Amino acid sequence: MRQLAMVMDLNKCLGCQTCTAACKTQWTNRFGREYMYWNNVETQPGKGYPKGYMDYKAGWDEKGNLRKGELPRIPEDYGIPWEYNYKELMSGGAKTLKQDAETSWGANWDEDEGDGEYPNSYFFYLPRICNHCTKPACLSACPNKAIHKRKEDGIVLVDLKRCKGVKDCISACPYKKVYFNPSRARAEKGIPGQSEKCIFCFPRIEKGLPPACAKQCVGRIRHVGYLDDKEGHVYKLVKKWGVALPLKPDFGTIPNVYYVPPLGPPKFNKRGEVTDETRIPIEFLKKLFGDGVEGALKVLKAEMDKKSNEGKSELMDILIAYKHSEMFKI
Ligand code: SF4
Ligand code: SF4
Ligand code: SF4
């Protein structure tokens, strides 16, 4: 069995949401998918999308038992998708949203809020897709065997011919990357709707093309390839250099999306001078990416210095991504 994977370099993400728009327009712009963001980009520290998803206690426990998790709520955790009333917005009118309902959450609602005290405040962007996990909690939770993992590339898919809309996959996924589509209800069969999720753009993969979110990425942060391809960027970043780490490894699903952690801007001291200390607390990064994050940051820093001083570093050349096409080896 082979495994396709994606590595995202968090030092380069602009939070521009081009990836989100690429996925939305390609796959989820139809009725019933208004609140679905197969690709979302959230601000960290922050509550994410859906709100507080990291606190749901889903995935696998330390003993290897599947945790049932919980369902996020609409509107409390997803919010209500809204449309602007542009005429009012431009003229300073009071009713700037088209709908009457109040909304209090949405994708990247807490944009750029971050944490820390001025002048040492900090934040970074965290783009997220389904992790196409090696031990997918969504797959194990489904009582109808409607979720499968492809042998040729490890992509995790929902089979809509089998899905009966019981939502157990949504509860069990600790990353909350399965969404419910009520517009796919079939009353005659008692199906209230169906589950849908990121498909890693498999129709594009089968044609040798990268996923839309990766191809359109403005910051060139996304590398795509097979984990066992020793010549590929993904192998080199994850296995050879060890600088790419999964999000929340403690959820136990063994994700196949990896992140190069953010080095963060330097701290100012009381005299307003720049120090060698980073603003992002290491404990916060460990909570997100596990204990390996400290070592990964040391390697990154050392290779950055090497590139500055000697002009050469295989790792930095990969991360700079001089040629976009070289980031994909499918
Ligand atoms: Fe399943 Fe969630 Fe893992 Fe995706 S991220 S494979 S939906 S458990
Ligand atoms: Fe969307 Fe494809 Fe990216 Fe998945 S891989 S988030 S389906 S664009
Ligand atoms: Fe970040 Fe790239 Fe998405 Fe822009 S397109 S938000 S740079 S991942």
# chains A, B, ... in the order shown; residues from 1 in each chain; ligands from 1

$ residues_around --residues "Ser325 (chain A)" --least-positions-apart "3" --cutoff "10 Å" --atoms "only C-alpha atoms" --output "PyMOL selection string"
chain A and resi 210+215+223+321-322+328-329

$ closest_atom_pairs --of "chain A" --to "ligand 3" --cutoff "7 Å" --atoms "only C-alpha atoms and all ligand atoms" --output "JSON lines"
{"residue": "A:Lys12", "atom": "CA", "partner": "ligand 3", "partner_atom_place_in_ligand_line": "7 (S)", "distance": 6.5}
{"residue": "A:Cys13", "atom": "CA", "partner": "ligand 3", "partner_atom_place_in_ligand_line": "1 (Fe)", "distance": 3.8}
{"residue": "A:Leu14", "atom": "CA", "partner": "ligand 3", "partner_atom_place_in_ligand_line": "7 (S)", "distance": 4.3}
{"residue": "A:Gly15", "atom": "CA", "partner": "ligand 3", "partner_atom_place_in_ligand_line": "6 (S)", "distance": 3.7}
{"residue": "A:Cys16", "atom": "CA", "partner": "ligand 3", "partner_atom_place_in_ligand_line": "4 (Fe)", "distance": 4.1}
{"residue": "A:Gln17", "atom": "CA", "partner": "ligand 3", "partner_atom_place_in_ligand_line": "6 (S)", "distance": 4.0}
{"residue": "A:Thr18", "atom": "CA", "partner": "ligand 3", "partner_atom_place_in_ligand_line": "5 (S)", "distance": 4.2}
{"residue": "A:Cys19", "atom": "CA", "partner": "ligand 3", "partner_atom_place_in_ligand_line": "5 (S)", "distance": 4.1}
{"residue": "A:Thr20", "atom": "CA", "partner": "ligand 3", "partner_atom_place_in_ligand_line": "3 (Fe)", "distance": 6.4}
{"residue": "A:Val41", "atom": "CA", "partner": "ligand 3", "partner_atom_place_in_ligand_line": "6 (S)", "distance": 6.0}
{"residue": "A:Pro127", "atom": "CA", "partner": "ligand 3", "partner_atom_place_in_ligand_line": "8 (S)", "distance": 5.6}
{"residue": "A:Cys213", "atom": "CA", "partner": "ligand 3", "partner_atom_place_in_ligand_line": "5 (S)", "distance": 6.8}
{"residue": "A:Gln216", "atom": "CA", "partner": "ligand 3", "partner_atom_place_in_ligand_line": "5 (S)", "distance": 6.2}
{"residue": "A:Cys217", "atom": "CA", "partner": "ligand 3", "partner_atom_place_in_ligand_line": "5 (S)", "distance": 3.6}
{"residue": "A:Val218", "atom": "CA", "partner": "ligand 3", "partner_atom_place_in_ligand_line": "5 (S)", "distance": 4.8}
{"residue": "A:Gly219", "atom": "CA", "partner": "ligand 3", "partner_atom_place_in_ligand_line": "7 (S)", "distance": 3.9}
{"residue": "A:Arg220", "atom": "CA", "partner": "ligand 3", "partner_atom_place_in_ligand_line": "2 (Fe)", "distance": 6.1}
{"residue": "A:Ile221", "atom": "CA", "partner": "ligand 3", "partner_atom_place_in_ligand_line": "2 (Fe)", "distance": 5.8}
{"residue": "A:Arg222", "atom": "CA", "partner": "ligand 3", "partner_atom_place_in_ligand_line": "8 (S)", "distance": 6.9}

$ residues_around --residues "region 295-300 of chain A" --least-positions-apart "2" --cutoff "8 Å" --atoms "only C-alpha atoms" --output "VMD selection string"
chain A and resid 241 to 244 260 to 263 292 to 293 302 to 304

$ residues_near_ligand --ligand "ligand 2" --cutoff "10 Å" --atoms "only C-alpha atoms and all ligand atoms" --output "JSON, numbers by chain"
{"A": [6, 19, 20, 21, 22, 23, 24, 25, 26, 27, 28, 37, 38, 39, 40, 127, 128, 129, 130, 131, 132, 155, 177, 197, 198, 199, 200, 201, 202, 203, 204, 205, 210, 211, 212, 213, 214, 215, 216, 224]}

$ write_last_selection --atoms "N, CA and C atoms" --output "tab-separated table (two decimals), in the first residue's frame"
chain	number	residue	atom	x	y	z
A	6	MET	N	0.87	15.28	2.10
A	6	MET	CA	1.09	16.70	1.81
A	6	MET	C	1.90	17.29	2.96
A	19	CYS	N	-6.38	28.82	-1.41
A	19	CYS	CA	-6.59	27.37	-1.36
A	19	CYS	C	-8.05	27.05	-1.02
A	20	THR	N	-8.60	27.79	-0.06
A	20	THR	CA	-9.99	27.57	0.36
A	20	THR	C	-10.92	27.82	-0.83
A	21	ALA	N	-10.67	28.92	-1.55
A	21	ALA	CA	-11.51	29.26	-2.70
A	21	ALA	C	-11.33	28.23	-3.81
A	22	ALA	N	-10.10	27.72	-3.98
A	22	ALA	CA	-9.86	26.72	-5.04
A	22	ALA	C	-10.67	25.46	-4.78
A	23	CYS	N	-10.69	25.02	-3.52
A	23	CYS	CA	-11.45	23.81	-3.18
A	23	CYS	C	-12.95	24.09	-3.25
A	24	LYS	N	-13.36	25.22	-2.73
A	24	LYS	CA	-14.79	25.57	-2.71
A	24	LYS	C	-15.36	25.61	-4.13
A	25	THR	N	-14.68	26.30	-5.02
A	25	THR	CA	-15.22	26.43	-6.37
A	25	THR	C	-15.17	25.11	-7.12
A	26	GLN	N	-14.18	24.29	-6.79
A	26	GLN	CA	-14.06	23.01	-7.52
A	26	GLN	C	-15.04	21.95	-7.00
A	27	TRP	N	-15.22	21.86	-5.66
A	27	TRP	CA	-15.94	20.72	-5.11
A	27	TRP	C	-17.15	21.04	-4.26
A	28	THR	N	-17.23	22.18	-3.59
A	28	THR	CA	-18.31	22.35	-2.58
A	28	THR	C	-19.12	23.63	-2.76
A	37	TYR	N	-16.02	23.45	4.51
A	37	TYR	CA	-14.69	23.90	4.06
A	37	TYR	C	-13.76	22.70	4.11
A	38	TRP	N	-13.73	21.94	3.02
A	38	TRP	CA	-12.83	20.77	2.98
A	38	TRP	C	-11.40	21.27	3.20
A	39	ASN	N	-11.10	22.45	2.66
A	39	ASN	CA	-9.87	23.16	3.00
A	39	ASN	C	-10.27	24.41	3.78
A	40	ASN	N	-9.73	24.56	4.99
A	40	ASN	CA	-9.92	25.84	5.70
A	40	ASN	C	-8.56	26.31	6.17
A	127	PRO	N	-3.40	26.01	7.73
A	127	PRO	CA	-4.33	25.47	6.72
A	127	PRO	C	-4.61	24.00	7.03
A	128	ARG	N	-5.86	23.58	6.84
A	128	ARG	CA	-6.21	22.20	7.17
A	128	ARG	C	-7.06	21.56	6.08
A	129	ILE	N	-6.72	20.31	5.76
A	129	ILE	CA	-7.58	19.49	4.90
A	129	ILE	C	-7.76	18.15	5.64
A	130	CYS	N	-8.50	17.21	5.10
A	130	CYS	CA	-8.54	15.87	5.69
A	130	CYS	C	-7.13	15.30	5.65
A	131	ASN	N	-6.73	14.62	6.70
A	131	ASN	CA	-5.35	14.10	6.79
A	131	ASN	C	-5.15	12.75	6.11
A	132	HIS	N	-6.21	12.20	5.54
A	132	HIS	CA	-6.13	10.88	4.87
A	132	HIS	C	-5.29	9.93	5.73
A	155	ILE	N	-5.76	7.41	-0.16
A	155	ILE	CA	-6.80	8.45	-0.07
A	155	ILE	C	-8.04	7.84	0.60
A	177	LYS	N	-13.15	16.80	9.96
A	177	LYS	CA	-12.99	17.03	8.53
A	177	LYS	C	-13.98	16.22	7.69
A	197	LYS	N	-16.51	14.75	2.37
A	197	LYS	CA	-15.21	15.20	2.87
A	197	LYS	C	-14.23	15.40	1.72
A	198	CYS	N	-13.07	15.97	2.06
A	198	CYS	CA	-11.98	16.17	1.10
A	198	CYS	C	-11.64	14.85	0.42
A	199	ILE	N	-11.50	14.88	-0.87
A	199	ILE	CA	-11.21	13.67	-1.65
A	199	ILE	C	-9.77	13.67	-2.16
A	200	PHE	N	-8.94	14.53	-1.61
A	200	PHE	CA	-7.55	14.73	-2.04
A	200	PHE	C	-7.49	14.90	-3.57
A	201	CYS	N	-8.58	15.47	-4.10
A	201	CYS	CA	-8.67	15.71	-5.55
A	201	CYS	C	-8.28	14.47	-6.34
A	202	PHE	N	-8.83	13.29	-5.99
A	202	PHE	CA	-8.37	12.06	-6.64
A	202	PHE	C	-8.55	12.05	-8.17
A	203	PRO	N	-9.60	12.72	-8.71
A	203	PRO	CA	-9.67	12.72	-10.18
A	203	PRO	C	-8.48	13.46	-10.81
A	204	ARG	N	-7.95	14.45	-10.12
A	204	ARG	CA	-6.76	15.16	-10.61
A	204	ARG	C	-5.52	14.28	-10.40
A	205	ILE	N	-5.42	13.65	-9.23
A	205	ILE	CA	-4.28	12.78	-8.93
A	205	ILE	C	-4.16	11.69	-10.01
A	210	PRO	N	-1.58	17.88	-9.35
A	210	PRO	CA	-1.66	18.07	-7.90
A	210	PRO	C	-3.07	18.49	-7.48
A	211	PRO	N	-3.41	18.32	-6.19
A	211	PRO	CA	-4.71	18.81	-5.69
A	211	PRO	C	-4.86	20.31	-5.96
A	212	ALA	N	-6.11	20.74	-6.17
A	212	ALA	CA	-6.37	22.14	-6.52
A	212	ALA	C	-5.82	23.10	-5.46
A	213	CYS	N	-5.99	22.76	-4.16
A	213	CYS	CA	-5.55	23.67	-3.10
A	213	CYS	C	-4.03	23.85	-3.13
A	214	ALA	N	-3.31	22.79	-3.52
A	214	ALA	CA	-1.84	22.87	-3.56
A	214	ALA	C	-1.38	23.61	-4.82
A	215	LYS	N	-2.03	23.32	-5.93
A	215	LYS	CA	-1.65	23.95	-7.20
A	215	LYS	C	-1.86	25.46	-7.15
A	216	GLN	N	-2.96	25.89	-6.49
A	216	GLN	CA	-3.29	27.32	-6.47
A	216	GLN	C	-2.60	28.08	-5.34
A	224	VAL	N	3.53	17.94	-2.40
A	224	VAL	CA	2.70	16.74	-2.47
A	224	VAL	C	3.51	15.60	-3.09

$ residues_around --residues "Arg162 (chain A)" --least-positions-apart "3" --cutoff "8 Å" --atoms "only C-alpha atoms" --output "MDAnalysis selection string"
chainID A and resid 144:146 159

$ residues_near_ligand --ligand "ligand 1" --cutoff "10 Å" --atoms "only C-alpha atoms and all ligand atoms" --output "PyMOL selection string"
chain A and resi 38+58-60+128-141+147-149+154-158+169-179+196-200+251-257

$ select_by_dssp --residues "region 36-270 of chain A" --states "helix (DSSP H, G or I)" --output "MDAnalysis selection string"
chainID A and resid 53:55 86:91 137:141 168:172 182:184 187:189 202:205 212:215 233:240 249:251

$ residues_around --residues "Pro119 (chain A)" --least-positions-apart "6" --cutoff "12 Å" --atoms "only C-alpha atoms" --output "mmCIF file with C-alpha atoms, in the first residue's frame"
data_model
loop_
_atom_site.group_PDB
_atom_site.id
_atom_site.type_symbol
_atom_site.label_atom_id
_atom_site.label_comp_id
_atom_site.auth_asym_id
_atom_site.auth_seq_id
_atom_site.Cartn_x
_atom_site.Cartn_y
_atom_site.Cartn_z
ATOM 1 C CA PRO A 265 9.163 36.460 14.856
ATOM 2 C CA PRO A 266 11.798 37.360 17.493
ATOM 3 C CA LYS A 267 10.824 38.844 20.857
ATOM 4 C CA PHE A 268 11.606 42.441 21.842
ATOM 5 C CA ASN A 269 13.124 43.038 25.277
ATOM 6 C CA LYS A 270 12.056 45.873 27.614
ATOM 7 C CA ARG A 271 14.411 48.294 25.871
ATOM 8 C CA GLY A 272 12.752 47.526 22.548
ATOM 9 C CA GLU A 273 15.747 45.554 21.261
ATOM 10 C CA VAL A 274 15.363 42.398 19.203
ATOM 11 C CA ARG A 279 7.539 34.923 20.402
#

$ residues_around --residues "region 80-88 of chain A" --least-positions-apart "2" --cutoff "7 Å" --atoms "only C-alpha atoms" --output "JSON, numbers by chain"
{"A": [34, 35, 75, 78, 90, 91, 92, 93, 94, 95, 96, 97, 98, 99, 103, 106]}

$ write_last_selection --atoms "C-alpha atoms" --output "PDB file, in the first residue's frame"
ATOM      1  CA  GLU A  34     -22.542  26.180   2.365  1.00  0.00           C
ATOM      2  CA  TYR A  35     -20.704  25.622   5.646  1.00  0.00           C
ATOM      3  CA  PRO A  75     -25.018  27.358  14.204  1.00  0.00           C
ATOM      4  CA  TYR A  78     -20.003  26.218  12.437  1.00  0.00           C
ATOM      5  CA  MET A  90     -20.836  50.653   0.415  1.00  0.00           C
ATOM      6  CA  SER A  91     -23.225  53.400   1.511  1.00  0.00           C
ATOM      7  CA  GLY A  92     -22.704  52.919   5.255  1.00  0.00           C
ATOM      8  CA  GLY A  93     -26.235  51.540   5.738  1.00  0.00           C
ATOM      9  CA  ALA A  94     -27.239  49.549   8.790  1.00  0.00           C
ATOM     10  CA  LYS A  95     -28.277  46.225   7.221  1.00  0.00           C
ATOM     11  CA  THR A  96     -24.974  44.993   5.845  1.00  0.00           C
ATOM     12  CA  LEU A  97     -25.903  41.283   5.836  1.00  0.00           C
ATOM     13  CA  LYS A  98     -28.621  39.871   3.575  1.00  0.00           C
ATOM     14  CA  GLN A  99     -30.104  37.516   6.167  1.00  0.00           C
ATOM     15  CA  THR A 103     -24.148  34.796  13.389  1.00  0.00           C
ATOM     16  CA  GLY A 106     -17.537  31.043  10.981  1.00  0.00           C
TER      17      GLY A 106
END

$ closest_residue --among "A:Phe284, A:Val166, A:Leu66, A:Glu152" --to "Gly116 (chain A)" --atoms "only C-alpha atoms"
A:Phe284

$ select_by_dssp --residues "region 63-172 of chain A" --states "strand (DSSP E)" --output "number ranges by chain"
A: 66-68, 124-128, 147-149, 156-158

$ atom_distance --atom1 "CA of Ala185 (chain A)" --atom2 "CA of Gly69 (chain A)"
23.5 Å

$ atom_distance --atom1 "CA of Leu285 (chain A)" --atom2 "CA of Leu126 (chain A)"
11.9 Å

$ closest_residue --among "A:Lys248, A:Asp168, A:Asp153, A:Ser195" --to "Arg33 (chain A)" --atoms "only C-alpha atoms"
A:Ser195

$ atom_distance --atom1 "CA of Met54 (chain A)" --atom2 "CA of Pro182 (chain A)"
24.4 Å

$ closest_residue --among "A:Phe180, A:Phe289, A:Tyr259, A:Tyr122" --to "Pro45 (chain A)" --atoms "only C-alpha atoms"
A:Tyr122

$ closest_atom_pairs --of "region 276-329 of chain A" --to "region 229-236 of chain A" --cutoff "9 Å" --atoms "only C-alpha atoms" --output "CSV"
residue,atom,partner,partner_atom,distance
A:Leu315,CA,A:Lys236,CA,8.2
A:Ile318,CA,A:His233,CA,6.8
A:Leu319,CA,A:His233,CA,8.8
A:Glu326,CA,A:His233,CA,8.3
A:Met327,CA,A:His233,CA,6.7
A:Phe328,CA,A:His233,CA,8.0
A:Lys329,CA,A:Gly232,CA,6.3
